[in-house]
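*Asks:* Sharing structure-v9.cif (mmCIF, C-alpha atoms, pLDDT in the B column; chains and numbers go by the auth columns) below.
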```
data_run
loop_
_atom_site.group_PDB
_atom_site.id
_atom_site.type_symbol
_atom_site.label_atom_id
_atom_site.label_comp_id
_atom_site.label_asym_id
_atom_site.label_seq_id
_atom_site.Cartn_x
_atom_site.Cartn_y
_atom_site.Cartn_z
_atom_site.B_iso_or_equiv
_atom_site.auth_seq_id
_atom_site.auth_asym_id
ATOM 1 C CA MET A 1 -36.798 -7.141 4.476 58.00 135 A
ATOM 2 C CA LYS A 2 -35.232 -6.484 1.049 54.00 136 A
ATOM 3 C CA ARG A 3 -34.881 -2.768 1.812 53.00 137 A
ATOM 4 C CA THR A 4 -33.213 -3.601 5.153 50.00 138 A
ATOM 5 C CA LEU A 5 -30.736 -5.903 3.397 46.00 139 A
ATOM 6 C CA ILE A 6 -29.936 -3.191 0.856 48.00 140 A
ATOM 7 C CA CYS A 7 -29.364 -0.661 3.663 44.00 141 A
ATOM 8 C CA ILE A 8 -27.077 -3.078 5.513 48.00 142 A
ATOM 9 C CA LEU A 9 -25.110 -3.805 2.339 44.00 143 A
ATOM 10 C CA SER A 10 -24.837 -0.086 1.659 47.00 144 A
ATOM 11 C CA LEU A 11 -23.566 0.553 5.173 43.00 145 A
ATOM 12 C CA LEU A 12 -20.940 -2.167 4.851 44.00 146 A
ATOM 13 C CA LEU A 13 -19.889 -0.797 1.475 41.00 147 A
ATOM 14 C CA SER A 14 -19.488 2.742 2.723 41.00 148 A
ATOM 15 C CA ILE A 15 -17.719 2.147 6.053 38.00 149 A
ATOM 16 C CA SER A 16 -14.351 3.853 5.968 32.00 150 A
ATOM 17 C CA ILE A 17 -11.723 1.200 6.590 31.00 151 A
ATOM 18 C CA SER A 18 -8.009 1.245 7.203 27.00 152 A
ATOM 19 C CA ARG A 19 -7.061 -1.203 4.438 31.00 153 A
ATOM 20 C CA ALA A 20 -8.062 -0.920 0.813 34.00 154 A
ATOM 21 C CA ALA A 21 -6.488 0.115 -2.452 34.00 155 A
ATOM 22 C CA GLY A 22 -3.720 2.375 -3.839 34.00 156 A
ATOM 23 C CA ASP A 23 -5.670 4.847 -5.974 42.00 157 A
ATOM 24 C CA LEU A 24 -8.885 3.587 -4.401 48.00 158 A
ATOM 25 C CA SER A 25 -8.693 0.587 -6.712 44.00 159 A
ATOM 26 C CA SER A 26 -5.480 -1.267 -5.820 41.00 160 A
ATOM 27 C CA GLU A 27 -3.804 -2.291 -2.549 48.00 161 A
ATOM 28 C CA GLY A 28 -2.139 0.151 -0.177 48.00 162 A
ATOM 29 C CA LEU A 29 -4.245 3.227 0.672 53.00 163 A
ATOM 30 C CA ASP A 30 -5.484 3.971 4.179 64.00 164 A
ATOM 31 C CA LEU A 31 -9.059 5.144 3.528 66.00 165 A
ATOM 32 C CA SER A 32 -9.239 6.818 6.934 71.00 166 A
ATOM 33 C CA LYS A 33 -7.206 9.599 5.249 78.00 167 A
ATOM 34 C CA VAL A 34 -9.530 9.896 2.231 82.00 168 A
ATOM 35 C CA LYS A 35 -12.221 12.573 2.179 88.00 169 A
ATOM 36 C CA PRO A 36 -15.689 10.939 2.143 90.00 170 A
ATOM 37 C CA GLY A 37 -17.373 10.891 -1.234 92.00 171 A
ATOM 38 C CA PHE A 38 -17.925 8.928 -4.409 94.00 172 A
ATOM 39 C CA TYR A 39 -14.887 7.942 -6.461 93.00 173 A
ATOM 40 C CA GLY A 40 -14.114 5.751 -9.451 94.00 174 A
ATOM 41 C CA GLY A 41 -16.203 5.642 -12.583 95.00 175 A
ATOM 42 C CA ASP A 42 -19.828 5.949 -13.607 97.00 176 A
ATOM 43 C CA GLY A 43 -20.837 2.446 -12.477 97.00 177 A
ATOM 44 C CA THR A 44 -21.625 1.139 -15.959 97.00 178 A
ATOM 45 C CA SER A 45 -19.131 -1.750 -15.785 97.00 179 A
ATOM 46 C CA GLN A 46 -16.700 -3.591 -13.554 95.00 180 A
ATOM 47 C CA LYS A 47 -13.848 -1.396 -14.801 95.00 181 A
ATOM 48 C CA ARG A 48 -15.914 1.748 -14.191 97.00 182 A
ATOM 49 C CA ALA A 49 -17.242 0.767 -10.750 97.00 183 A
ATOM 50 C CA VAL A 50 -18.224 3.446 -8.246 96.00 184 A
ATOM 51 C CA ILE A 51 -16.360 3.522 -4.918 93.00 185 A
ATOM 52 C CA ALA A 52 -18.235 4.981 -1.946 92.00 186 A
ATOM 53 C CA VAL A 53 -16.201 6.204 1.037 89.00 187 A
ATOM 54 C CA GLY A 54 -17.878 7.362 4.254 87.00 188 A
ATOM 55 C CA LEU A 55 -21.115 6.590 6.049 86.00 189 A
ATOM 56 C CA ASP A 56 -23.031 9.384 4.324 90.00 190 A
ATOM 57 C CA TYR A 57 -22.096 8.116 0.849 92.00 191 A
ATOM 58 C CA SER A 58 -24.281 5.072 0.342 93.00 192 A
ATOM 59 C CA VAL A 59 -25.248 3.136 -2.754 95.00 193 A
ATOM 60 C CA PRO A 60 -28.911 4.255 -2.570 96.00 194 A
ATOM 61 C CA ARG A 61 -27.756 7.885 -2.345 96.00 195 A
ATOM 62 C CA TRP A 62 -25.566 7.552 -5.458 97.00 196 A
ATOM 63 C CA ILE A 63 -28.324 5.784 -7.393 97.00 197 A
ATOM 64 C CA ALA A 64 -30.905 8.421 -6.374 97.00 198 A
ATOM 65 C CA GLN A 65 -28.555 11.197 -7.527 97.00 199 A
ATOM 66 C CA LYS A 66 -27.645 9.506 -10.817 97.00 200 A
ATOM 67 C CA TYR A 67 -31.102 8.097 -11.621 97.00 201 A
ATOM 68 C CA PRO A 68 -33.805 10.238 -9.917 97.00 202 A
ATOM 69 C CA GLY A 69 -37.090 8.383 -9.514 97.00 203 A
ATOM 70 C CA SER A 70 -35.451 4.976 -9.943 97.00 204 A
ATOM 71 C CA ALA A 71 -35.922 1.852 -7.817 97.00 205 A
ATOM 72 C CA ILE A 72 -33.395 -0.786 -6.818 97.00 206 A
ATOM 73 C CA GLN A 73 -34.688 -4.157 -8.025 98.00 207 A
ATOM 74 C CA ASP A 74 -31.922 -6.534 -6.961 97.00 208 A
ATOM 75 C CA VAL A 75 -28.311 -6.722 -5.796 97.00 209 A
ATOM 76 C CA SER A 76 -25.699 -9.388 -6.546 96.00 210 A
ATOM 77 C CA LEU A 77 -22.219 -10.000 -5.201 95.00 211 A
ATOM 78 C CA VAL A 78 -19.627 -10.527 -7.958 95.00 212 A
ATOM 79 C CA ILE A 79 -16.187 -11.916 -7.054 92.00 213 A
ATOM 80 C CA PRO A 80 -14.045 -12.254 -10.169 91.00 214 A
ATOM 81 C CA PRO A 81 -10.553 -13.794 -9.934 91.00 215 A
ATOM 82 C CA GLY A 82 -8.295 -11.447 -7.972 84.00 216 A
ATOM 83 C CA LYS A 83 -8.824 -9.356 -4.862 80.00 217 A
ATOM 84 C CA LYS A 84 -11.577 -6.964 -5.946 88.00 218 A
ATOM 85 C CA ARG A 85 -15.229 -7.620 -5.081 92.00 219 A
ATOM 86 C CA TYR A 86 -18.293 -5.870 -6.431 95.00 220 A
ATOM 87 C CA ASP A 87 -21.959 -5.392 -5.690 96.00 221 A
ATOM 88 C CA VAL A 88 -24.008 -5.057 -8.858 97.00 222 A
ATOM 89 C CA TYR A 89 -27.321 -3.285 -8.344 98.00 223 A
ATOM 90 C CA ARG A 90 -30.094 -3.832 -10.871 98.00 224 A
ATOM 91 C CA VAL A 91 -31.976 -0.537 -11.084 98.00 225 A
ATOM 92 C CA ARG A 92 -35.269 0.264 -12.806 98.00 226 A
ATOM 93 C CA LYS A 93 -35.027 3.832 -14.060 98.00 227 A
ATOM 94 C CA ARG A 94 -38.006 6.174 -14.078 97.00 228 A
ATOM 95 C CA ASP A 95 -38.525 5.458 -17.791 97.00 229 A
ATOM 96 C CA GLY A 96 -38.785 1.716 -17.056 97.00 230 A
ATOM 97 C CA LYS A 97 -35.385 0.766 -18.486 98.00 231 A
ATOM 98 C CA ILE A 98 -33.234 -1.586 -16.410 98.00 232 A
ATOM 99 C CA VAL A 99 -29.546 -0.826 -15.803 98.00 233 A
ATOM 100 C CA ASP A 100 -26.867 -2.638 -13.819 98.00 234 A
ATOM 101 C CA VAL A 101 -24.726 -0.391 -11.619 98.00 235 A
ATOM 102 C CA TRP A 102 -21.336 -1.635 -10.332 98.00 236 A
ATOM 103 C CA PHE A 103 -19.911 -0.692 -6.927 97.00 237 A
ATOM 104 C CA GLN A 104 -16.490 -1.858 -5.772 94.00 238 A
ATOM 105 C CA LEU A 105 -16.491 -3.254 -2.247 90.00 239 A
ATOM 106 C CA LEU A 106 -13.638 -2.101 -0.077 81.00 240 A
ATOM 107 C CA GLY A 107 -13.143 -4.273 2.981 61.00 241 A
ATOM 108 C CA GLY A 108 -15.993 -4.928 5.333 57.00 242 A
ATOM 109 C CA LEU A 109 -16.500 -5.573 9.012 50.00 243 A
ATOM 110 C CA SER A 110 -13.618 -8.062 9.121 45.00 244 A
ATOM 111 C CA ASP A 111 -11.231 -5.324 7.898 48.00 245 A
ATOM 112 C CA ILE A 112 -12.081 -2.768 10.571 52.00 246 A
ATOM 113 C CA LYS A 113 -9.229 -2.409 13.049 52.00 247 A
ATOM 114 C CA LEU A 114 -10.441 -1.952 16.602 53.00 248 A
ATOM 115 C CA PRO A 115 -8.300 -0.178 19.225 56.00 249 A
#
```
Produce structure tokens that represent the structure in this file.
*Replies:*
Amino acid sequence: MKRTLICILSLLLSISISRAAGDLSSEGLDLSKVKPGFYGGDGTSQKRAVIAVGLDYSVPRWIAQKYPGSAIQDVSLVIPPGKKRYDVYRVRKRDGKIVDVWFQLLGGLSDIKLP
């Protein structure tokens, strides 16, 4: 169940949408014109959050690439004042250390424009 929830959250995070942010972090850019991939920072803080664009660029994929052999322990939604929203993934690295990894959420199902 937890793994299914993480996959669903990852899918929602990585759906390319038509409304998001100027340099991928502020309002104005049409992400349908952005090449799929990982953008932003290294995920170590809110200011350095990772931005995933495209269905093939999921949170679990980024975590597996950055922290091979790690396991996602938990995920939390963080909504600070303002328009940006974040998922914070608690990850147990292969060496047993716990790290929090920040991902900026861009839109969601309610932001998808249907023809």
*Asks:* Residues at most 9 Å from range 170-182 of chain A, counting only C-alpha atoms, excluding those fewer than 2 positions away in the same chain, as number ranges by chain?
*Replies:* A: 150, 158-159, 165, 168, 184-192, 196, 220, 222, 233-238
*Asks:* Which residues would end up in the selection if the PyMOL selection byres ((chain A and resi 228) around 10) were applied here, given that I need the answer as JSON, numbers by chain?
*Replies:* {"A": [201, 202, 203, 204, 205, 225, 226, 227, 229, 230, 231, 232]}
*Asks:* Please evaluate the PyMOL selection byres ((chain A and resi 219) around 9) against the displayed coordinates and give the resulting residues as a list in words.
*Replies:*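 Matching residues under the PyMOL selection byres ((chain A and resi 219) around 9) are Leu211, Val212, Ile213, Pro214, Gly216, Lys217, Lys218, Tyr220, Asp221, Phe237, Gln238, Leu239, Leu240 and Gly241 of chain A.
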